[in-house]
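Data block below; observations after.
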Amino acid sequence: MRGERTEMPASEQRFLSALYTQEKMHTLKVARQAGAYAQAERVLKMEPADVIAAVKASNLRGLGGAGFPTGMKWSFVPPKGDRMHYLVVNADEGEPGTCKDKHIMRGCPHTLLEGIIIACHAIHAEKAYIYVRGEYVRPMERLSAAIDEACAAGLLGENHMGTGRRLVVVVHPGAGAYICGEETALIESLEGKKGQPRNRPPFPAIEGLFRCPTVVNNVETIAYLPFIFEHGPEKWSEWGHNGSGGYRLMSLSGHVERPGVYELPMGTPLMELIEKHGGGVWKGRGLKAVIPGGLSAPILRAEECADARLDFNTLRDMGTMAGSAGVIVIDDQTPMIDVMLNCAHFYHDESCGQCTPCREGTWWMYRIILRIAQGRGRLRDLDELVRIASNIEGNTICAFGEAAAWPIRSYARKFRDELAAFIESGERSREADWHHEDRGAPPLIQIEGVGMPGVRAGV
Amino acid sequence: MSEIVSAPADQPVTLSEKTLGSIAELRGRYEDPRAALLPVLHVIQAEHGHLTLALERAVADAMEMPLTKVHEVVSFYTLFRTEAEGKLQVCICQTMSCMLRGARELLTHMRVKYGVGPGETTADGRLTVHAVECLGNCEAGPMAQIGDDYFGPLTPETLDEILEKR
Ligand SMILES: Cc1cc2nc3c(=O)[nH]c(=O)nc-3n(C[C@H](O)[C@H](O)[C@H](O)COP(=O)(O)O)c2cc1C
Ligand code: SF4
Ligand code: FES
């Protein structure tokens, strides 16, 4: 069924989206007609080390945000001893601008389960947990139904697929906390605790869930595995670009004519996604800026977008990141102060509060930006924001710190002229009123002696 | 909602046999039974509407863990509610992708038409509005979760239509 697509031009091939857009693909019968579980059957006959080598050769990178090479992550798992090994599938999908994993869980859950079988074989795991954000009630229903069907058919459970081994898959609901997408917070949350990230080392591969070796991978990363084995790791690597293998689901949102999730090869030009697939900036307006990899990615000004290609290394070299491929488009009528205020509120709201630089820094950034939005900013506030952001960076337990600091710093630096003009005009943004009316912010912020106690560089 | 909710918050509650059965089943799914806390709290909340201190205590007993641990978890996660909610929860996303496409107008509309702001419930107990962060449906912004389902892109008019049908 999937075979002949190899002959198509790379930009026109579809894998996951060719499945999840078909009605009834969530049922085992239809999924099997489309070839589901055939690759798992083959891979189960391979040596685990060979499976890891193949995934390494495919250049599959983690699609949850960090882009870590998947095969390499698996190779950190120690040889199987007495302890259980776990696969934890990250279906928390909380990075603003990202809306892809739910399509997989709802539309082709058997492809995800097939990927889970492959990954568990490679890392000697006999149990997998899928941590799904609590709001995804419908996707969880589909997943659970798919697991039941797969168990009844002997694909999962005791002696699954005739291997003589056991493989149990459990769906675990989260309860509304962005930080639980971070892998060690997710593990804490899965253990029934508050979702507060752990210090590393030990890394989860050595000591993760219930203190056992654990691999955490994103839904999409795992769901691509069957395709990699179907077409071969070399093809997968070749279809990608600049060190990122194959394809990924790009979530396109904001000011475009046709927002949506588009499956495209790594390295697709950013403007091709926006113009060809997204129908261009909405209402015939001009482009102002793009956030290319979820809200935590530093912003690109319109003039930078022409050179941007959607793969991990290219965007990293441009000073931003491919992240979760949540591409948010901003038109030329949007005041940057509104974008900044929205972003600062999010991180201030979601910090888990463990580290002082993150907890205090996100609070100060929100307050300072709110004051600017209220028409009472000072020019030196822009430098203050850059300074606070730089004091968070590198001084926290988890990467939330950078996720909060980088975007704010990028807005303050790249849109300095616009923000400075706004400050000098003394205007009040409508967003400021709304933060007062609906988000409980004070009508006017009074900050004495702006500075972050205890968060000087080197402290 | 059951009568248990109307009992004073500090009166002990007894969980039904059926609920205790679900708790035992959920605990059995994990190598460490305490890991079942989140799914267990979801079950209890679905049954009782919101989590009172008395319910937290009952959960702590059933889970064989200290009340403080349960309380800590309930207060950490936004989906666990400690106060009574309307029959229908309207959670309107306010994060970037939805904000850019007019999420704020949806909140303003709820205020003007139904007289409720974020965190408030209509006088007849029908609707509770929440302003929430990204729900993972940015492609359909501005969007809202109404009950268990996602809707978007919404306008004040389409939002009304959906609410009238419920
Ligand atoms: C603050 C924060 C939030 C994150 N949220 C998510 C998420 O919602 N989904 C996800 O898959 N990864 C998320 N991640 C990345 C995970 O920590 C982890 O790198 C990922 O799940 C690994 O899977 P992958 O290698 O397949 O990408 C987040 C990271 C941070 C620092
Ligand atoms: S960086 Fe922020 S979110 Fe991460 S552990 Fe520290 S306080 Fe929590
Ligand atoms: S920003 Fe509203 S659903 Fe993601």
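Ordering of the structure tokens sets the chain letters (A, B, ...), residue numbers begin anew at 1 in every chain, and ligands are numbered from 1 in the order given.
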Check your understanding: Within 6 Å of ligand 2, counting only C-alpha atoms and all ligand atoms, which protein or nucleic acid residues do you find, written as a VMD selection string?
Key -> chain A and resid 196 to 197 351 to 355 358 to 359 396 to 401
Serialized selection, all heavy atoms, as an mmCIF file, in the first residue's frame:
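Generated file (again_6.cif):
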data_model
loop_
_atom_site.group_PDB
_atom_site.id
_atom_site.type_symbol
_atom_site.label_atom_id
_atom_site.label_comp_id
_atom_site.auth_asym_id
_atom_site.auth_seq_id
_atom_site.Cartn_x
_atom_site.Cartn_y
_atom_site.Cartn_z
ATOM 1 N N GLN A 196 7.498 18.336 38.891
ATOM 2 C CA GLN A 196 8.676 19.194 39.012
ATOM 3 C C GLN A 196 9.902 18.459 38.495
ATOM 4 O O GLN A 196 10.213 17.353 38.953
ATOM 5 C CB GLN A 196 8.867 19.625 40.470
ATOM 6 C CG GLN A 196 7.771 20.605 40.889
ATOM 7 C CD GLN A 196 8.036 21.246 42.236
ATOM 8 O OE1 GLN A 196 8.485 20.576 43.158
ATOM 9 N NE2 GLN A 196 7.735 22.522 42.359
ATOM 10 N N PRO A 197 10.615 19.074 37.538
ATOM 11 C CA PRO A 197 11.762 18.413 36.915
ATOM 12 C C PRO A 197 12.811 17.955 37.925
ATOM 13 O O PRO A 197 12.966 18.535 38.992
ATOM 14 C CB PRO A 197 12.334 19.498 36.001
ATOM 15 C CG PRO A 197 11.156 20.335 35.656
ATOM 16 C CD PRO A 197 10.309 20.360 36.894
ATOM 17 N N SER A 351 5.740 28.345 35.045
ATOM 18 C CA SER A 351 6.961 27.955 35.758
ATOM 19 C C SER A 351 6.593 27.087 36.957
ATOM 20 O O SER A 351 5.644 27.394 37.670
ATOM 21 C CB SER A 351 7.704 29.202 36.237
ATOM 22 O OG SER A 351 8.687 28.834 37.203
ATOM 23 N N CYS A 352 7.358 26.018 37.185
ATOM 24 C CA CYS A 352 7.014 25.128 38.299
ATOM 25 C C CYS A 352 7.485 25.692 39.628
ATOM 26 O O CYS A 352 7.124 25.202 40.687
ATOM 27 C CB CYS A 352 7.570 23.728 38.076
ATOM 28 S SG CYS A 352 9.236 23.491 38.706
ATOM 29 N N GLY A 353 8.330 26.726 39.570
ATOM 30 C CA GLY A 353 8.689 27.438 40.793
ATOM 31 C C GLY A 353 9.853 26.870 41.587
ATOM 32 O O GLY A 353 10.179 27.390 42.653
ATOM 33 N N GLN A 354 10.502 25.831 41.097
ATOM 34 C CA GLN A 354 11.607 25.222 41.852
ATOM 35 C C GLN A 354 12.866 26.076 41.897
ATOM 36 O O GLN A 354 13.557 26.099 42.902
ATOM 37 C CB GLN A 354 12.003 23.901 41.188
ATOM 38 C CG GLN A 354 11.366 22.686 41.753
ATOM 39 C CD GLN A 354 12.061 21.437 41.243
ATOM 40 O OE1 GLN A 354 12.662 20.712 42.008
ATOM 41 N NE2 GLN A 354 11.976 21.173 39.949
ATOM 42 N N CYS A 355 13.223 26.696 40.734
ATOM 43 C CA CYS A 355 14.485 27.446 40.682
ATOM 44 C C CYS A 355 14.187 28.938 40.780
ATOM 45 O O CYS A 355 13.331 29.458 40.075
ATOM 46 C CB CYS A 355 15.234 27.220 39.378
ATOM 47 S SG CYS A 355 15.072 25.592 38.673
ATOM 48 N N CYS A 358 14.243 31.133 37.457
ATOM 49 C CA CYS A 358 13.090 30.918 36.586
ATOM 50 C C CYS A 358 11.831 31.503 37.212
ATOM 51 O O CYS A 358 11.102 32.275 36.590
ATOM 52 C CB CYS A 358 12.925 29.432 36.293
ATOM 53 S SG CYS A 358 11.403 29.016 35.438
ATOM 54 N N ARG A 359 11.593 31.183 38.472
ATOM 55 C CA ARG A 359 10.372 31.658 39.136
ATOM 56 C C ARG A 359 10.329 33.178 39.208
ATOM 57 O O ARG A 359 9.375 33.815 38.787
ATOM 58 C CB ARG A 359 10.301 31.049 40.539
ATOM 59 C CG ARG A 359 9.030 31.383 41.312
ATOM 60 C CD ARG A 359 9.109 30.877 42.755
ATOM 61 N NE ARG A 359 10.207 31.495 43.487
ATOM 62 C CZ ARG A 359 11.246 30.844 44.008
ATOM 63 N NH1 ARG A 359 11.349 29.531 43.892
ATOM 64 N NH2 ARG A 359 12.205 31.489 44.651
ATOM 65 N N THR A 396 19.265 27.045 35.545
ATOM 66 C CA THR A 396 18.067 26.380 36.049
ATOM 67 C C THR A 396 18.166 24.856 35.917
ATOM 68 O O THR A 396 19.031 24.342 35.210
ATOM 69 C CB THR A 396 16.822 26.848 35.268
ATOM 70 O OG1 THR A 396 17.024 26.569 33.876
ATOM 71 C CG2 THR A 396 16.570 28.326 35.467
ATOM 72 N N ILE A 397 17.259 24.171 36.596
ATOM 73 C CA ILE A 397 17.258 22.710 36.589
ATOM 74 C C ILE A 397 16.864 22.168 35.218
ATOM 75 O O ILE A 397 17.408 21.181 34.746
ATOM 76 C CB ILE A 397 16.294 22.172 37.677
ATOM 77 C CG1 ILE A 397 16.835 22.511 39.070
ATOM 78 C CG2 ILE A 397 16.076 20.667 37.534
ATOM 79 C CD1 ILE A 397 15.917 22.126 40.211
ATOM 80 N N CYS A 398 15.900 22.819 34.579
ATOM 81 C CA CYS A 398 15.443 22.266 33.307
ATOM 82 C C CYS A 398 15.438 23.327 32.219
ATOM 83 O O CYS A 398 15.615 24.517 32.479
ATOM 84 C CB CYS A 398 14.058 21.635 33.458
ATOM 85 S SG CYS A 398 12.695 22.781 33.228
ATOM 86 N N ALA A 399 15.193 22.894 30.982
ATOM 87 C CA ALA A 399 15.275 23.780 29.825
ATOM 88 C C ALA A 399 14.090 24.734 29.710
ATOM 89 O O ALA A 399 14.052 25.564 28.806
ATOM 90 C CB ALA A 399 15.398 22.938 28.550
ATOM 91 N N PHE A 400 13.146 24.660 30.642
ATOM 92 C CA PHE A 400 12.080 25.655 30.670
ATOM 93 C C PHE A 400 12.687 27.048 30.801
ATOM 94 O O PHE A 400 12.180 28.015 30.232
ATOM 95 C CB PHE A 400 11.148 25.379 31.866
ATOM 96 C CG PHE A 400 9.998 26.343 32.015
ATOM 97 C CD1 PHE A 400 8.723 25.987 31.614
ATOM 98 C CD2 PHE A 400 10.187 27.603 32.585
ATOM 99 C CE1 PHE A 400 7.661 26.872 31.769
ATOM 100 C CE2 PHE A 400 9.134 28.491 32.736
ATOM 101 C CZ PHE A 400 7.870 28.117 32.324
ATOM 102 N N GLY A 401 13.775 27.136 31.563
ATOM 103 C CA GLY A 401 14.433 28.422 31.767
ATOM 104 C C GLY A 401 14.782 29.076 30.438
ATOM 105 O O GLY A 401 14.424 30.233 30.177
#
Exercise for review: Compute the set of protein, DNA and RNA residues whose minimum atom distance to ligand 1 is at most 6 Å, using only C-alpha atoms and all ligand atoms, and state it as a PyMOL selection string.
Suggested key: chain A and resi 62-68+70+90-95+179+181-183+216-218+221+398-400
Practice item. Show me which bits of chain A are within 9 Å of chain B, counting only C-alpha atoms, as a ChimeraX atom specification. Key: /A:93-102,134-138,170,172-178,189-195,210,251-255,258-261,295,326,328-330,334,339,342-343,345-346,349,352,431,434,437-439
Check your understanding: How would you write, as number ranges by chain, the set of residues in chain B that DSSP gives as strand (DSSP E or B)?
Key -> B: 88-93, 121, 127-132, 144-146, 149-151
Check your understanding: Between B:Pro66, B:Pro153, B:Gly28, B:Pro12, which one has atoms that come closest to B:Leu53, using only C-alpha atoms?
Key ->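 Distance minimum relative to B:Leu53 lands on B:Pro12.
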Review point. Can you list, as a PyMOL selection string, every protein, DNA or RNA residue that comes within 12 Å of A:Pro407 when you count only C-alpha atoms, leaving out same-chain residues fewer than 5 positions away?
Key: chain A and resi 290-300+319-321+339-344+346-347+362+365+385-386+389-390+393+400-402+412-415
Review point. In Å, how far is it from atom CA of A:Ala185 to atom CA of A:Lys56?
Key: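 Straight-line distance from atom CA of A:Ala185 to atom CA of A:Lys56 works out to 26.6 Å.
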Check your understanding: Between atom CA of A:Met266 and atom CA of A:Val43, what is the spacing in Å?
Key -> 25.0 Å
Exercise for review: Give the answer as one residue: which of B:Gly125, B:Phe151, B:Met143, B:Leu15 has the shortest atom-to-atom distance to ligand 3, using only C-alpha atoms and all ligand atoms?
Suggested key: B:Met143
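Closest to ligand 3 among B:Ala123, B:Val13, B:Cys91, B:Ala84 is B:Cys91, based on only C-alpha atoms and all ligand atoms.
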Review point. Which value, in Å to one decimal, gives the distance between atom CA of A:Met161 and atom CA of A:Thr27?
Key: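 Between atom CA of A:Met161 and atom CA of A:Thr27 the gap is 18.2 Å.
Residues of stretch 226-289 of chain A that DSSP, applied to the backbone, places in alpha helix (DSSP H): A:Pro226, A:Phe227, A:Ile228, A:Phe229, A:Glu230, A:His231, A:Pro233, A:Glu234, A:Lys235, A:Trp236, A:Ser237, A:Glu238, A:Trp239, A:Leu270, A:Met271, A:Glu272.
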